[in-house]
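What follows is a single structure, written as structure tokens, with notes after it.
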Amino acid sequence: MKRLSLLLALVLVATMLLTSCAAPTPTTVEVVKTVVVTQVVEAKPVEKVVTQIVEAKPVEKVVTVTPAPTKDASKDPVALRFTTWTANEAQLKLLNDIGAEYKAKNPNVSVKFESLAFDDYPTKLSVMLAGGDPPDMGWVVENAAASWIKAGVLEDVAAKLKADPNFNFEDFAKGPLGFWVRDAAIHAVPFSTSPFFVIYNADLFKAAGIDNPQEMIAKGTWTWENFAKAAKTITEKGEKGTYGYSGIEGGNMFSANLWTIITPYIWSYGGDLWSPDFTTCKLNSPESVKALQLLQQMVVSDKSAVPPGDTVSFANGKSGMTFGQVSRIGALKDAKFKWGIAPMPTGPAGYKPTIGQAAIGIFKPGNPKNKAAAQDFLAFITNKDNVTKMAQFWPPARKSVLATDAVAKNYPTLDPASIKAAVTDSINNGAVVPSHPDFAKVDLALHPFFDKIWTKDANVQDLMDQACKAGAAFFKK
Amino acid sequence: MNPAPTVHTPAPSRRRRLTLAQQDALMGYLFILPRVLGFLIFVLGPLVAIFIFSLQNRNLLSGKIEFAGLQNFATMLFEDPVFKQMVVNTLTFTAGLVPLNVLLALTLAILLAPQFRGVTIFRTLFFAPIITSTAAWIIVWTFILQGQQGPLNQFLALLGVEGPNWLREPASAMFSVIITRVIKNVGLNMVIFLAALQDLPREYVEAARVDGARPWQVVRHIILPFLAPSILLVTVLTVIGSLNVFDHILLLTNGGPSNSTMVLAFYVYFNAFKAYEIGYASAIAVVLFLTALVLTIAQWSLRRRMVYLEQ
């Protein structure tokens, strides 16, 4: 009995190891292909065909014996799996409607949208891709882009999109699209190009007796320095617990959203996080340091920015200004104060809008049989008509759609001119927040030095020098 | 003449009958089969896989798999400065949490063992955090431990004390993680000690009192030796638990500030699912496993010296 137990255990372990090490995809693909060919020729139920395969009948022989009419492979049934991170019913309905419309034109192709939680999206998706359960296509967020492109997970769709006269590839704004284009390859097509802008509490500005951002724009004084001065005045004149600036709505500005928060400051001052080819760390450049010193001043000296460890929600009326995107505007519909939006302030290097972006990519590990349909559906869902429909939720990168009121009409309470300045113009002129092929490791190596910036007497230049040194391994030529 | 009677001799059975003992054994094996299968599939299998992966360059995203020998371990020990910080953090966390947890659980158990009015309320109060979800627990503590706005610091301000920014300063962040973890889990250890104390023969304590022993002497010379097996068990479990702590830190500090609360289990997760390097993450997991194993064996070997009563 002991031997039997031991044998059983060994067999089980060996089986598990073998199954975990095996690469199932090619086998699956082969069977699928065989089934399709045989099915067409003999028109038999699938179950019976599978039996034939088990009996190892060569496919060529079957084809020779029964000549079949030529079949258009593009009409084979295809079930596309498409991953998203939205659980919003209205957004899912729109996506499903687009899928249904595509199926009406291509009856053999159905699209199933699968929702994964946003926080774990890259993790869950990478496990699905590596674990033998790959979706065909799906959303990809901008900060994962560089590492996903480097790992070769995303298909190059340039040939399909550039050859499609109806797609009009040139219609996409260069800045936002450039993020996904590497050496003439197009790795994904943006569907949500959402600039960051300032949301301000007009009542707090009025109570403090100072111009609000729109008034400053009209006077040409909407600069980062005046942004900081306004934040300080609101903090000083507001009730206890009121801050002039609260980072980013719905997130913590010192942890997960650090890079998104500091980028508009740094770009407007003429600095950068790192070079576009990832060979040089630029956080310790004089321009970047100057921008970070302003933010440090707001947190440490002026105490006008919500400090690390504290949380203040703009929607509760205790913050004068916050950064946000159009997706955050809905949360303010019940706000008990007057509020408005304005583009990010200008700095010594001018106005440098930053964009958060999500794109649709086709995953290389997906079913090879579905690739052509996936590319075709990608071109369909990002064509002008569908981008116009999706603009109700996700700002577009297509210039022709940006020229319409597709975005502004969804926010009737806001002045169309402020939507144009903060959203439309920012998309046309902005750039996507930086990414890095080793983004997680760069964050791990550099983030500790940013944690030290928000303390009294911290020397930003020294800390950024140390940060660039600590991350030297990720900025090699 | 009567025909010769037909004699039916049963054909010899080809199947060997199991003896009673063998039948019992078979039944026993069948009963434990589900558990053994679960162990093989969900524990031993992944454990063996982790050891194999630790010898590979294995990228979750690109699917690249290459044999790397001991390269992952060499990188970990000689090239990765973050790993060294994680080891220090893990040891700090364990050294802070285990004594505090065990001592507090022991004290609470001794105080709450006697039956007095309202004892059930106190026992429930200390056990309640165990059945609270970690996420809810952390949300409450994140609120309490806020910087200037936090209720704890506002209370301290009333006393004229300026509290630190609990979760944003390295020293206080680790302290906060340890304390919130101890309060969350101390109830379970308390219950183990309470259960053990139920078996304490009252006559030992009464005899000691008759002989003039003071309360501390009763605790020192009767209760603690009696509880020694439970103390060892609780210590081993708490050490293993502290080495594997993950969700608590992920939710409370996300490893910050300045990576000061990032421990090895967190670093395994980071490398596997953020950096997508399954091979390197597995190597760290192997080190974590072996560390827990060595510490457990060391503690277990101490039982001969420490444990007077063992059933």
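Letters A, B, ... go to the chains of the structure tokens in the order shown; residues in each chain start at 1; ligands are counted from 1 in the same order.
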- request: Give as an NGL selection string every residue of chain A that touches chain B within 6 Å, counting only C-alpha atoms.
  value: :A and (13 or 123 or 126 or 130 or 151 or 309-310 or 440 or 448 or 451)
Please produce an output containing C-alpha atoms for each residue in the selection, written as a short mmCIF file (atom, residue, chain, number, x, y, z; two decimals), in the first residue's frame.
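Just written: result_5.cif:
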```cif
data_model
loop_
_atom_site.label_atom_id
_atom_site.label_comp_id
_atom_site.auth_asym_id
_atom_site.auth_seq_id
_atom_site.Cartn_x
_atom_site.Cartn_y
_atom_site.Cartn_z
CA VAL A 13 3.47 15.40 -9.44
CA THR A 123 -1.42 41.33 -13.94
CA SER A 126 -0.44 38.77 -18.42
CA ALA A 130 1.02 33.24 -20.40
CA ALA A 151 8.09 41.94 -24.54
CA GLY A 309 -0.58 60.54 4.34
CA ASP A 310 -3.67 62.77 4.32
CA ALA A 440 7.74 48.89 -12.37
CA PRO A 448 12.00 56.30 -2.47
CA ASP A 451 9.21 60.17 -0.76
#
```
- prompt: Which polymer residues have any atom within 9 Å of an atom of range 265-279 of chain A, counting only C-alpha atoms, with same-chain residues fewer than 2 positions away left out, as number ranges by chain?
  reply: A: 224, 259, 261-263, 281-292, 294-295, 344-354, 434-437, 474-477
Same residues, C-alpha atoms, saved as a PDB file, in the first residue's frame:
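Result saved to part25.pdb:
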```pdb
ATOM      1  CA  TRP A 224       2.442  77.486 -12.391  1.00  0.00           C
ATOM      2  CA  TRP A 259       4.477  60.154 -12.189  1.00  0.00           C
ATOM      3  CA  ILE A 261       1.259  64.363 -11.069  1.00  0.00           C
ATOM      4  CA  ILE A 262       4.849  65.514 -11.573  1.00  0.00           C
ATOM      5  CA  THR A 263       4.929  65.223 -15.369  1.00  0.00           C
ATOM      6  CA  CYS A 281      17.611  60.060 -16.753  1.00  0.00           C
ATOM      7  CA  LYS A 282      16.502  63.683 -16.890  1.00  0.00           C
ATOM      8  CA  LEU A 283      14.978  64.065 -13.457  1.00  0.00           C
ATOM      9  CA  ASN A 284      18.102  65.814 -12.176  1.00  0.00           C
ATOM     10  CA  SER A 285      18.181  68.390 -14.989  1.00  0.00           C
ATOM     11  CA  PRO A 286      17.907  72.016 -13.744  1.00  0.00           C
ATOM     12  CA  GLU A 287      14.474  72.365 -15.361  1.00  0.00           C
ATOM     13  CA  SER A 288      13.072  69.197 -13.764  1.00  0.00           C
ATOM     14  CA  VAL A 289      14.519  70.151 -10.382  1.00  0.00           C
ATOM     15  CA  LYS A 290      13.002  73.630 -10.557  1.00  0.00           C
ATOM     16  CA  ALA A 291       9.569  72.184 -11.273  1.00  0.00           C
ATOM     17  CA  LEU A 292       9.838  69.724  -8.395  1.00  0.00           C
ATOM     18  CA  LEU A 294       7.724  74.337  -6.766  1.00  0.00           C
ATOM     19  CA  LEU A 295       5.713  71.264  -5.788  1.00  0.00           C
ATOM     20  CA  MET A 344      -2.912  73.028 -16.989  1.00  0.00           C
ATOM     21  CA  PRO A 345      -0.994  76.278 -16.317  1.00  0.00           C
ATOM     22  CA  THR A 346       1.921  77.347 -18.463  1.00  0.00           C
ATOM     23  CA  GLY A 347       5.548  77.287 -17.363  1.00  0.00           C
ATOM     24  CA  PRO A 348       8.835  78.686 -18.648  1.00  0.00           C
ATOM     25  CA  ALA A 349       8.674  76.167 -21.518  1.00  0.00           C
ATOM     26  CA  GLY A 350       5.076  77.045 -22.368  1.00  0.00           C
ATOM     27  CA  TYR A 351       1.941  74.918 -22.267  1.00  0.00           C
ATOM     28  CA  LYS A 352       2.685  71.192 -22.281  1.00  0.00           C
ATOM     29  CA  PRO A 353      -0.493  69.187 -21.810  1.00  0.00           C
ATOM     30  CA  THR A 354      -0.209  65.638 -20.569  1.00  0.00           C
ATOM     31  CA  PRO A 434       5.925  58.809 -20.072  1.00  0.00           C
ATOM     32  CA  SER A 435       6.307  55.072 -19.907  1.00  0.00           C
ATOM     33  CA  HIS A 436       9.391  52.865 -19.635  1.00  0.00           C
ATOM     34  CA  PRO A 437      10.052  49.249 -20.649  1.00  0.00           C
ATOM     35  CA  PHE A 474      17.511  51.383 -16.524  1.00  0.00           C
ATOM     36  CA  PHE A 475      18.976  54.302 -18.486  1.00  0.00           C
ATOM     37  CA  LYS A 476      21.745  52.675 -20.475  1.00  0.00           C
ATOM     38  CA  LYS A 477      22.797  53.631 -23.974  1.00  0.00           C
TER      39      LYS A 477
END
```
query: CA of Lys384 in chain A to CA of Ala173 in chain A: how many Å, to one decimal?
result: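 Separation between CA of Lys384 in chain A and CA of Ala173 in chain A: 13.1 Å.
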- request: Any chance you could list, as a PyMOL selection string, the residues in range 85-248 of chain B that come up alpha helix (DSSP H) when DSSP is run on the backbone?
  value: chain B and resi 85-112+119-127+134-144+151-158+170-198+202-210+215-218+224-243+247-248
task: Name the residues in contact with Val102 in chain B at a cut-off of 9 Å, using only C-alpha atoms, excluding same-chain residues fewer than 4 positions from it; report them as a PyMOL selection string.
output: chain B and resi 97-98+106-107+186+189-190+231+234-235+238
